[in-house]
Each structure stands twice: as C-alpha cells, then as structure tokens.
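Enquirer: Supplied structure: start_24.pdb, PDB, C-alpha atoms.
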```pdb
ATOM      1  CA  MET A   1      75.790-149.656  -3.495  1.00  0.00           C
ATOM      2  CA  THR A   2      76.043-147.270  -6.429  1.00  0.00           C
ATOM      3  CA  ARG A   3      78.322-144.439  -7.466  1.00  0.00           C
ATOM      4  CA  TYR A   4      75.336-142.166  -7.950  1.00  0.00           C
ATOM      5  CA  PRO A   5      72.939-141.802  -5.024  1.00  0.00           C
ATOM      6  CA  ALA A   6      69.345-142.576  -5.935  1.00  0.00           C
ATOM      7  CA  PRO A   7      66.783-139.893  -5.207  1.00  0.00           C
ATOM      8  CA  GLU A   8      64.267-140.389  -2.433  1.00  0.00           C
ATOM      9  CA  LEU A   9      60.859-141.619  -3.530  1.00  0.00           C
ATOM     10  CA  LYS A  10      59.271-138.473  -2.080  1.00  0.00           C
ATOM     11  CA  ASP A  11      61.476-136.288  -4.287  1.00  0.00           C
ATOM     12  CA  LEU A  12      60.506-137.897  -7.597  1.00  0.00           C
ATOM     13  CA  PRO A  13      58.195-136.244 -10.126  1.00  0.00           C
ATOM     14  CA  ASP A  14      54.604-137.398  -9.648  1.00  0.00           C
ATOM     15  CA  ASP A  15      54.467-139.573 -12.781  1.00  0.00           C
ATOM     16  CA  ILE A  16      57.685-141.410 -11.926  1.00  0.00           C
ATOM     17  CA  ARG A  17      56.730-141.844  -8.277  1.00  0.00           C
ATOM     18  CA  ALA A  18      53.367-143.318  -9.350  1.00  0.00           C
ATOM     19  CA  LYS A  19      55.078-145.831 -11.662  1.00  0.00           C
ATOM     20  CA  VAL A  20      57.628-146.795  -8.971  1.00  0.00           C
ATOM     21  CA  LEU A  21      54.842-147.341  -6.435  1.00  0.00           C
ATOM     22  CA  GLU A  22      52.946-149.455  -8.981  1.00  0.00           C
ATOM     23  CA  VAL A  23      56.019-151.640  -9.491  1.00  0.00           C
ATOM     24  CA  GLN A  24      56.544-151.872  -5.727  1.00  0.00           C
ATOM     25  CA  GLU A  25      52.959-153.003  -5.235  1.00  0.00           C
ATOM     26  CA  LYS A  26      53.297-155.715  -7.882  1.00  0.00           C
ATOM     27  CA  ALA A  27      56.803-156.943  -6.970  1.00  0.00           C
ATOM     28  CA  GLY A  28      56.767-156.329  -3.223  1.00  0.00           C
ATOM     29  CA  PHE A  29      59.925-154.195  -3.497  1.00  0.00           C
ATOM     30  CA  VAL A  30      61.375-151.463  -5.708  1.00  0.00           C
ATOM     31  CA  PRO A  31      63.955-152.815  -8.167  1.00  0.00           C
ATOM     32  CA  ASN A  32      67.047-150.646  -7.819  1.00  0.00           C
ATOM     33  CA  VAL A  33      67.029-149.674 -11.498  1.00  0.00           C
ATOM     34  CA  PHE A  34      63.841-147.660 -11.019  1.00  0.00           C
ATOM     35  CA  LEU A  35      65.407-145.369  -8.439  1.00  0.00           C
ATOM     36  CA  ALA A  36      68.934-145.353  -9.842  1.00  0.00           C
ATOM     37  CA  LEU A  37      67.788-144.005 -13.209  1.00  0.00           C
ATOM     38  CA  ALA A  38      65.254-141.599 -11.671  1.00  0.00           C
ATOM     39  CA  ARG A  39      68.052-139.136 -10.897  1.00  0.00           C
ATOM     40  CA  ARG A  40      67.472-137.935 -14.483  1.00  0.00           C
ATOM     41  CA  PRO A  41      63.702-137.882 -15.001  1.00  0.00           C
ATOM     42  CA  ALA A  42      63.669-137.241 -18.775  1.00  0.00           C
ATOM     43  CA  GLU A  43      66.078-140.125 -19.363  1.00  0.00           C
ATOM     44  CA  TRP A  44      64.076-142.349 -16.976  1.00  0.00           C
ATOM     45  CA  ARG A  45      60.900-141.695 -18.974  1.00  0.00           C
ATOM     46  CA  ALA A  46      62.620-142.415 -22.299  1.00  0.00           C
ATOM     47  CA  PHE A  47      64.338-145.539 -20.964  1.00  0.00           C
ATOM     48  CA  PHE A  48      61.184-147.098 -19.542  1.00  0.00           C
ATOM     49  CA  ALA A  49      59.050-146.090 -22.533  1.00  0.00           C
ATOM     50  CA  TYR A  50      61.428-147.971 -24.830  1.00  0.00           C
ATOM     51  CA  HIS A  51      61.749-150.837 -22.354  1.00  0.00           C
ATOM     52  CA  ASP A  52      57.977-151.242 -22.243  1.00  0.00           C
ATOM     53  CA  ALA A  53      57.648-150.935 -26.037  1.00  0.00           C
ATOM     54  CA  LEU A  54      60.075-153.832 -26.443  1.00  0.00           C
ATOM     55  CA  MET A  55      59.238-156.045 -23.507  1.00  0.00           C
ATOM     56  CA  LEU A  56      55.457-155.728 -23.142  1.00  0.00           C
ATOM     57  CA  LYS A  57      54.137-155.808 -26.707  1.00  0.00           C
ATOM     58  CA  GLU A  58      52.523-158.745 -28.473  1.00  0.00           C
ATOM     59  CA  SER A  59      54.837-160.475 -30.919  1.00  0.00           C
ATOM     60  CA  GLY A  60      56.301-163.814 -31.924  1.00  0.00           C
ATOM     61  CA  LEU A  61      58.472-163.763 -28.791  1.00  0.00           C
ATOM     62  CA  SER A  62      57.100-164.914 -25.463  1.00  0.00           C
ATOM     63  CA  LYS A  63      57.863-163.038 -22.256  1.00  0.00           C
ATOM     64  CA  GLY A  64      60.212-165.892 -21.377  1.00  0.00           C
ATOM     65  CA  ASP A  65      61.987-165.547 -24.740  1.00  0.00           C
ATOM     66  CA  ARG A  66      62.556-161.843 -24.112  1.00  0.00           C
ATOM     67  CA  GLU A  67      63.955-162.418 -20.637  1.00  0.00           C
ATOM     68  CA  MET A  68      66.149-165.222 -21.985  1.00  0.00           C
ATOM     69  CA  ILE A  69      67.633-162.805 -24.527  1.00  0.00           C
ATOM     70  CA  VAL A  70      68.265-160.225 -21.805  1.00  0.00           C
ATOM     71  CA  THR A  71      69.844-162.730 -19.411  1.00  0.00           C
ATOM     72  CA  THR A  72      72.082-164.315 -22.037  1.00  0.00           C
ATOM     73  CA  THR A  73      73.339-161.113 -23.637  1.00  0.00           C
ATOM     74  CA  SER A  74      73.701-159.378 -20.264  1.00  0.00           C
ATOM     75  CA  ALA A  75      75.982-162.227 -19.177  1.00  0.00           C
ATOM     76  CA  ALA A  76      78.076-161.672 -22.309  1.00  0.00           C
ATOM     77  CA  ASN A  77      78.271-157.996 -21.314  1.00  0.00           C
ATOM     78  CA  LYS A  78      79.151-158.981 -17.716  1.00  0.00           C
ATOM     79  CA  CYS A  79      76.267-157.008 -16.224  1.00  0.00           C
ATOM     80  CA  LEU A  80      75.600-158.330 -12.737  1.00  0.00           C
ATOM     81  CA  TYR A  81      72.410-156.320 -12.225  1.00  0.00           C
ATOM     82  CA  CYS A  82      70.693-157.478 -15.410  1.00  0.00           C
ATOM     83  CA  VAL A  83      71.793-161.115 -15.171  1.00  0.00           C
ATOM     84  CA  VAL A  84      70.451-161.405 -11.630  1.00  0.00           C
ATOM     85  CA  ALA A  85      67.274-159.322 -12.078  1.00  0.00           C
ATOM     86  CA  HIS A  86      66.242-160.617 -15.496  1.00  0.00           C
ATOM     87  CA  GLY A  87      67.398-164.124 -14.642  1.00  0.00           C
ATOM     88  CA  ALA A  88      64.879-164.069 -11.791  1.00  0.00           C
ATOM     89  CA  ILE A  89      62.100-162.973 -14.128  1.00  0.00           C
ATOM     90  CA  LEU A  90      63.188-165.621 -16.665  1.00  0.00           C
ATOM     91  CA  ARG A  91      62.944-168.381 -14.036  1.00  0.00           C
ATOM     92  CA  ILE A  92      59.421-167.248 -13.192  1.00  0.00           C
ATOM     93  CA  TYR A  93      58.166-166.975 -16.794  1.00  0.00           C
ATOM     94  CA  GLU A  94      59.698-170.267 -17.890  1.00  0.00           C
ATOM     95  CA  LYS A  95      58.878-172.031 -14.590  1.00  0.00           C
ATOM     96  CA  LYS A  96      62.379-173.507 -14.699  1.00  0.00           C
ATOM     97  CA  PRO A  97      64.580-172.744 -11.666  1.00  0.00           C
ATOM     98  CA  LEU A  98      67.849-173.658 -13.459  1.00  0.00           C
ATOM     99  CA  VAL A  99      67.419-171.984 -16.832  1.00  0.00           C
ATOM    100  CA  ALA A 100      68.760-168.523 -15.969  1.00  0.00           C
ATOM    101  CA  ASP A 101      72.025-169.881 -14.612  1.00  0.00           C
ATOM    102  CA  GLN A 102      72.357-172.173 -17.608  1.00  0.00           C
ATOM    103  CA  VAL A 103      71.860-169.512 -20.277  1.00  0.00           C
ATOM    104  CA  ALA A 104      74.021-167.001 -18.428  1.00  0.00           C
ATOM    105  CA  VAL A 105      76.959-169.418 -18.327  1.00  0.00           C
ATOM    106  CA  ASN A 106      76.537-171.264 -21.644  1.00  0.00           C
ATOM    107  CA  TYR A 107      73.224-171.148 -23.477  1.00  0.00           C
ATOM    108  CA  ARG A 108      74.455-173.784 -25.955  1.00  0.00           C
ATOM    109  CA  LYS A 109      74.362-176.388 -23.153  1.00  0.00           C
ATOM    110  CA  ALA A 110      71.210-175.093 -21.484  1.00  0.00           C
ATOM    111  CA  ASP A 111      67.961-177.008 -21.205  1.00  0.00           C
ATOM    112  CA  ILE A 112      66.197-174.924 -23.873  1.00  0.00           C
ATOM    113  CA  THR A 113      64.449-175.693 -27.156  1.00  0.00           C
ATOM    114  CA  PRO A 114      66.201-175.647 -30.543  1.00  0.00           C
ATOM    115  CA  ARG A 115      64.041-172.598 -31.380  1.00  0.00           C
ATOM    116  CA  GLN A 116      65.323-170.747 -28.307  1.00  0.00           C
ATOM    117  CA  ARG A 117      68.899-171.749 -29.137  1.00  0.00           C
ATOM    118  CA  ALA A 118      68.519-170.275 -32.651  1.00  0.00           C
ATOM    119  CA  MET A 119      67.065-167.108 -31.100  1.00  0.00           C
ATOM    120  CA  LEU A 120      70.024-166.815 -28.729  1.00  0.00           C
ATOM    121  CA  ASP A 121      72.525-167.528 -31.517  1.00  0.00           C
ATOM    122  CA  PHE A 122      71.100-164.507 -33.329  1.00  0.00           C
ATOM    123  CA  ALA A 123      70.974-162.359 -30.174  1.00  0.00           C
ATOM    124  CA  MET A 124      74.577-163.181 -29.317  1.00  0.00           C
ATOM    125  CA  LYS A 125      75.707-162.308 -32.821  1.00  0.00           C
ATOM    126  CA  VAL A 126      73.909-158.966 -32.525  1.00  0.00           C
ATOM    127  CA  CYS A 127      75.525-158.511 -29.099  1.00  0.00           C
ATOM    128  CA  LEU A 128      79.084-159.381 -30.075  1.00  0.00           C
ATOM    129  CA  LYS A 129      79.382-159.174 -33.876  1.00  0.00           C
ATOM    130  CA  SER A 130      76.469-157.148 -35.242  1.00  0.00           C
ATOM    131  CA  ASP A 131      78.598-156.026 -38.177  1.00  0.00           C
ATOM    132  CA  GLU A 132      78.681-159.652 -39.373  1.00  0.00           C
ATOM    133  CA  ILE A 133      74.895-160.208 -39.494  1.00  0.00           C
ATOM    134  CA  GLY A 134      73.869-161.456 -42.925  1.00  0.00           C
ATOM    135  CA  ASN A 135      71.149-163.295 -44.820  1.00  0.00           C
ATOM    136  CA  ALA A 136      72.220-166.671 -43.413  1.00  0.00           C
ATOM    137  CA  ASP A 137      71.427-165.430 -39.895  1.00  0.00           C
ATOM    138  CA  PHE A 138      67.868-164.531 -40.911  1.00  0.00           C
ATOM    139  CA  THR A 139      67.482-167.853 -42.742  1.00  0.00           C
ATOM    140  CA  ALA A 140      68.510-169.719 -39.586  1.00  0.00           C
ATOM    141  CA  LEU A 141      65.843-167.863 -37.615  1.00  0.00           C
ATOM    142  CA  GLN A 142      63.187-168.466 -40.276  1.00  0.00           C
ATOM    143  CA  ALA A 143      63.910-172.218 -40.123  1.00  0.00           C
ATOM    144  CA  HIS A 144      62.633-172.060 -36.529  1.00  0.00           C
ATOM    145  CA  GLY A 145      59.512-170.046 -37.344  1.00  0.00           C
ATOM    146  CA  PHE A 146      60.797-166.553 -36.605  1.00  0.00           C
ATOM    147  CA  SER A 147      59.653-163.722 -38.871  1.00  0.00           C
ATOM    148  CA  ASP A 148      61.701-160.708 -39.914  1.00  0.00           C
ATOM    149  CA  GLU A 149      59.760-158.719 -37.300  1.00  0.00           C
ATOM    150  CA  ASP A 150      60.782-161.248 -34.651  1.00  0.00           C
ATOM    151  CA  ALA A 151      64.406-160.812 -35.762  1.00  0.00           C
ATOM    152  CA  TRP A 152      63.993-157.049 -35.308  1.00  0.00           C
ATOM    153  CA  ASP A 153      62.618-157.641 -31.805  1.00  0.00           C
ATOM    154  CA  ILE A 154      65.517-159.945 -30.896  1.00  0.00           C
ATOM    155  CA  ALA A 155      68.016-157.349 -32.147  1.00  0.00           C
ATOM    156  CA  ALA A 156      66.238-154.400 -30.515  1.00  0.00           C
ATOM    157  CA  ILE A 157      66.041-156.152 -27.132  1.00  0.00           C
ATOM    158  CA  THR A 158      69.709-157.095 -27.381  1.00  0.00           C
ATOM    159  CA  ALA A 159      70.732-153.555 -28.321  1.00  0.00           C
ATOM    160  CA  PHE A 160      68.556-151.845 -25.705  1.00  0.00           C
ATOM    161  CA  PHE A 161      69.904-154.039 -22.951  1.00  0.00           C
ATOM    162  CA  GLY A 162      73.433-153.391 -24.196  1.00  0.00           C
ATOM    163  CA  LEU A 163      72.761-149.785 -23.179  1.00  0.00           C
ATOM    164  CA  SER A 164      71.137-150.885 -19.931  1.00  0.00           C
ATOM    165  CA  ASN A 165      74.060-153.211 -19.126  1.00  0.00           C
ATOM    166  CA  ARG A 166      76.545-150.416 -19.570  1.00  0.00           C
ATOM    167  CA  MET A 167      74.560-147.952 -17.450  1.00  0.00           C
ATOM    168  CA  ALA A 168      74.153-150.516 -14.654  1.00  0.00           C
ATOM    169  CA  SER A 169      77.807-151.546 -14.751  1.00  0.00           C
ATOM    170  CA  PHE A 170      79.433-148.124 -14.874  1.00  0.00           C
ATOM    171  CA  SER A 171      77.197-146.824 -12.076  1.00  0.00           C
ATOM    172  CA  ASN A 172      77.799-149.937  -9.929  1.00  0.00           C
ATOM    173  CA  MET A 173      74.060-150.658  -9.735  1.00  0.00           C
ATOM    174  CA  GLN A 174      73.556-153.716  -7.542  1.00  0.00           C
ATOM    175  CA  PRO A 175      70.727-156.248  -7.797  1.00  0.00           C
ATOM    176  CA  ASN A 176      68.153-156.219  -5.030  1.00  0.00           C
ATOM    177  CA  PRO A 177      68.635-159.194  -2.683  1.00  0.00           C
ATOM    178  CA  GLU A 178      65.062-160.310  -3.475  1.00  0.00           C
ATOM    179  CA  PHE A 179      66.040-161.170  -7.060  1.00  0.00           C
ATOM    180  CA  TYR A 180      68.506-163.869  -6.037  1.00  0.00           C
ATOM    181  CA  LEU A 181      65.849-166.282  -4.769  1.00  0.00           C
ATOM    182  CA  MET A 182      62.936-165.418  -7.060  1.00  0.00           C
ATOM    183  CA  GLY A 183      61.814-168.360  -9.143  1.00  0.00           C
ATOM    184  CA  ARG A 184      64.192-170.784  -7.429  1.00  0.00           C
ATOM    185  CA  VAL A 185      61.905-171.911  -4.631  1.00  0.00           C
ATOM    186  CA  ALA A 186      58.130-172.202  -4.444  1.00  0.00           C
ATOM    187  CA  LYS A 187      56.365-169.252  -2.840  1.00  0.00           C
ATOM    188  CA  ALA A 188      54.722-169.891   0.517  1.00  0.00           C
ATOM    189  CA  LYS A 189      50.946-169.935   0.144  1.00  0.00           C
TER
END
```
Here is the file; what I need is its structure written in the form of structure tokens.
Expert:
Amino acid sequence: MTRYPAPELKDLPDDIRAKVLEVQEKAGFVPNVFLALARRPAEWRAFFAYHDALMLKESGLSKGDREMIVTTTSAANKCLYCVVAHGAILRIYEKKPLVADQVAVNYRKADITPRQRAMLDFAMKVCLKSDEIGNADFTALQAHGFSDEDAWDIAAITAFFGLSNRMASFSNMQPNPEFYLMGRVAKAK
C-alpha cells in the first residue's frame, strides 16, 4: 500500500493518537494520510497545523471552494490520494456527485459557477506557472468578488497541497476505499 509502513495507532504519541481517534469517530474510518505521516510526529503536527489553518478558517472561500481547489490542482499534479480523498469531500460539501470528476478532468467544462472557474484559473496558474502571476490575475479574481486575502488563500491552499501531493505520490499513499463512494450515493438512514 505504501513504501513506508504506517505506525500502529497504539504506538503514536498521545496527542496524535487523540486526533486520529477524533477523525475516525467523525469519518467512520482513519484516512490513510493520518497514519502515513505519523511516522514523523513533528512533521505530522506541522503538516496538520498548517492544513487546519488553511482549510478550517473563516474567509471568502467556502469549504467547497477549498476542496475544489485541492481536487483540481491535485489532478494537475497527478496525485491519486488527494484527488480521490478531497474529491469525496468536495462532492459532500457541494452536494454534487459529479463535480469532483469534472474538475479533476477539466474544470473549464465542469458544472461550476463563473466565480469558481475564475478561482480555479488562478489556482491552476499558481500550480503550474506561479512565476507568471501578475496584476491581471488579481484583477480577474476581483471581478468575481475575491479579495487580495482570498487570492492569498487560493495560492496558499494550492501550494500546501502541492507539497501534500508530492508526499502522497512518492510514498505511494493509497486512498481509503471508503473515499471512492462518498458523496456519490445517498447515505442509508
């Protein structure tokens, strides 16, 4: 499953084990990234602190917007784990079972709003050609109601997940089977 064996839950430092158990309780399973990165506790703490700072804060981006950025740019980076895992979360937040597949393959033809398309245009430029970002890119975002702080968030999410994509890919981190169906079919009540 991965080149680097994940530690056992019982062997994790108390703070990391508590967070993993919290995620397991909420999701019903432990996403592989939580154990895969736990082999290096200090890096795990830094990774998830930055993840949470980007993905959980209040801003001009919705949770769905954030996951759309991750899914789209992770597809550009060919990261199986992040496309599948964050695509599942995207489907749930947007309540659209097709959107993750659409943005992963070609966001320009996806069933998304013009605002989201502008957001993804910017994210993809940060992902693939960050050295070419200029005033016109910010102007295009502003035309859709994004602030300079929103642009920072789009860029920071894109950049952070660039790191995440590379860690997941080089280590051969595989998506949990549960992610493949999440948000595609209605949950049994």
Enquirer: Apply the PyMOL selection byres ((chain A and resi 30-47) around 7) to the displayed file and report the matching residues as a PDB file with C-alpha atoms, in the frame of the given file.
Expert:
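And here's part10.pdb as it stands now:
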```pdb
ATOM      1  CA  ALA A   6      69.345-142.576  -5.935  1.00  0.00           C
ATOM      2  CA  PRO A   7      66.783-139.893  -5.207  1.00  0.00           C
ATOM      3  CA  VAL A  20      57.628-146.795  -8.971  1.00  0.00           C
ATOM      4  CA  VAL A  23      56.019-151.640  -9.491  1.00  0.00           C
ATOM      5  CA  GLN A  24      56.544-151.872  -5.727  1.00  0.00           C
ATOM      6  CA  PHE A  29      59.925-154.195  -3.497  1.00  0.00           C
ATOM      7  CA  PHE A  48      61.184-147.098 -19.542  1.00  0.00           C
ATOM      8  CA  ALA A  49      59.050-146.090 -22.533  1.00  0.00           C
ATOM      9  CA  TYR A  50      61.428-147.971 -24.830  1.00  0.00           C
ATOM     10  CA  HIS A  51      61.749-150.837 -22.354  1.00  0.00           C
ATOM     11  CA  PRO A 175      70.727-156.248  -7.797  1.00  0.00           C
ATOM     12  CA  ASN A 176      68.153-156.219  -5.030  1.00  0.00           C
TER      13      ASN A 176
END
```
Enquirer: How would you write, as a ChimeraX atom specification, the residues chosen by the PyMOL selection byres ((chain A and resi 52-60) around 8) on this structure?
Expert: /A:48-51,61-63,66,146-147,150,153,156-157
Enquirer: Quick one: of A:Asn106, A:Lys26, A:Arg115, A:Glu67, who's nearest to Gly87 in chain A, counting all atoms listed in the file?
Expert: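 For Gly87 in chain A, the nearest of the candidates is A:Glu67.
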Enquirer: Tell me which of A:Val126, A:Ile154, A:Ala118, A:Leu181 sits closest to Ala100 in chain A, counting only C-alpha atoms.
Expert: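 The answer is A:Leu181, which sits nearest to Ala100 in chain A.
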Enquirer: What is the distance between CA of Thr71 in chain A and CA of Pro114 in chain A, in Å to one decimal?
Expert: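 Pair CA of Thr71 in chain A / CA of Pro114 in chain A returns 17.4 Å.
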Enquirer: May I ask which of the residues A:Leu90, A:Leu21, A:Ala143, A:Leu163 is the closest one to Met182 in chain A, counting only C-alpha atoms?
Expert: A:Leu90
Enquirer: Around all the atoms of range 105-113 of chain A listed in the file, with 6 Å of room on each side, what axis-aligned box do you get, giving centre and edge lengths in Å to one decimal, as JSON?
Expert:
```
{"center_x": 70.7, "center_y": -173.2, "center_z": -22.7, "size_x": 24.5, "size_y": 19.6, "size_z": 20.8}
```
Enquirer: Can you work out which one of A:Ala151, A:Met119, A:Ala159, A:Met68 has the shortest atom-to-atom distance to Ile92 in chain A, counting all atoms listed in the file?
Expert: A:Met68
Enquirer: Starting from the point (73.4, -164.7, -28.2), work out which residues of protein, DNA or RNA have an atom no more than 10 Å away when counting all atoms listed in the file; state them as a PyMOL selection string.
Expert: chain A and resi 68-76+103+106-108+117-129+154-155+158
Enquirer: How many Å lie between CA of Ile112 in chain A and CA of Leu141 in chain A, rounded to one decimal?
Expert: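 One can read the CA of Ile112 in chain A to CA of Leu141 in chain A distance as 15.5 Å.
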Enquirer: Select, from A:Arg184, A:Gly162, A:Ala27, A:Leu12, the residue with the minimum atom-to-atom distance to Val99 in chain A, counting only C-alpha atoms.
Expert: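 Between A:Arg184, A:Gly162, A:Ala27, A:Leu12, the residue approaching Val99 in chain A most closely is A:Arg184.
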Enquirer: Figure out the distance between CA of Cys79 in chain A and CA of Gly183 in chain A, please, to one decimal in Å.
Expert: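 If I compute the distance from CA of Gly183 in chain A to CA of Cys79 in chain A, I get 19.7 Å.
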Enquirer: Under the rule that all atoms listed in the file are counted, which of A:Glu22, A:Pro13, A:Val83, A:Asp101 is the nearest residue to Gln174 in chain A?
Expert: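 So, comparing all the options, the nearest one is A:Val83.
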Enquirer: Hey, what's within 7 Å of Val84 in chain A if we count all atoms listed in the file and toss same-chain stuff fewer than 4 positions away? As a list in words, please?
Expert: Leu80, Ala88, Pro175, Phe179 and Tyr180 of chain A
Enquirer: Could the residues in this selection be written to a file with C-alpha atoms, as a CSV table (one decimal), keeping the file's coordinate frame?
Expert:
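The resulting file, part.csv, is reproduced below:
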```csv
chain,number,residue,atom,x,y,z
A,80,LEU,CA,75.6,-158.3,-12.7
A,88,ALA,CA,64.9,-164.1,-11.8
A,175,PRO,CA,70.7,-156.2,-7.8
A,179,PHE,CA,66.0,-161.2,-7.1
A,180,TYR,CA,68.5,-163.9,-6.0
```
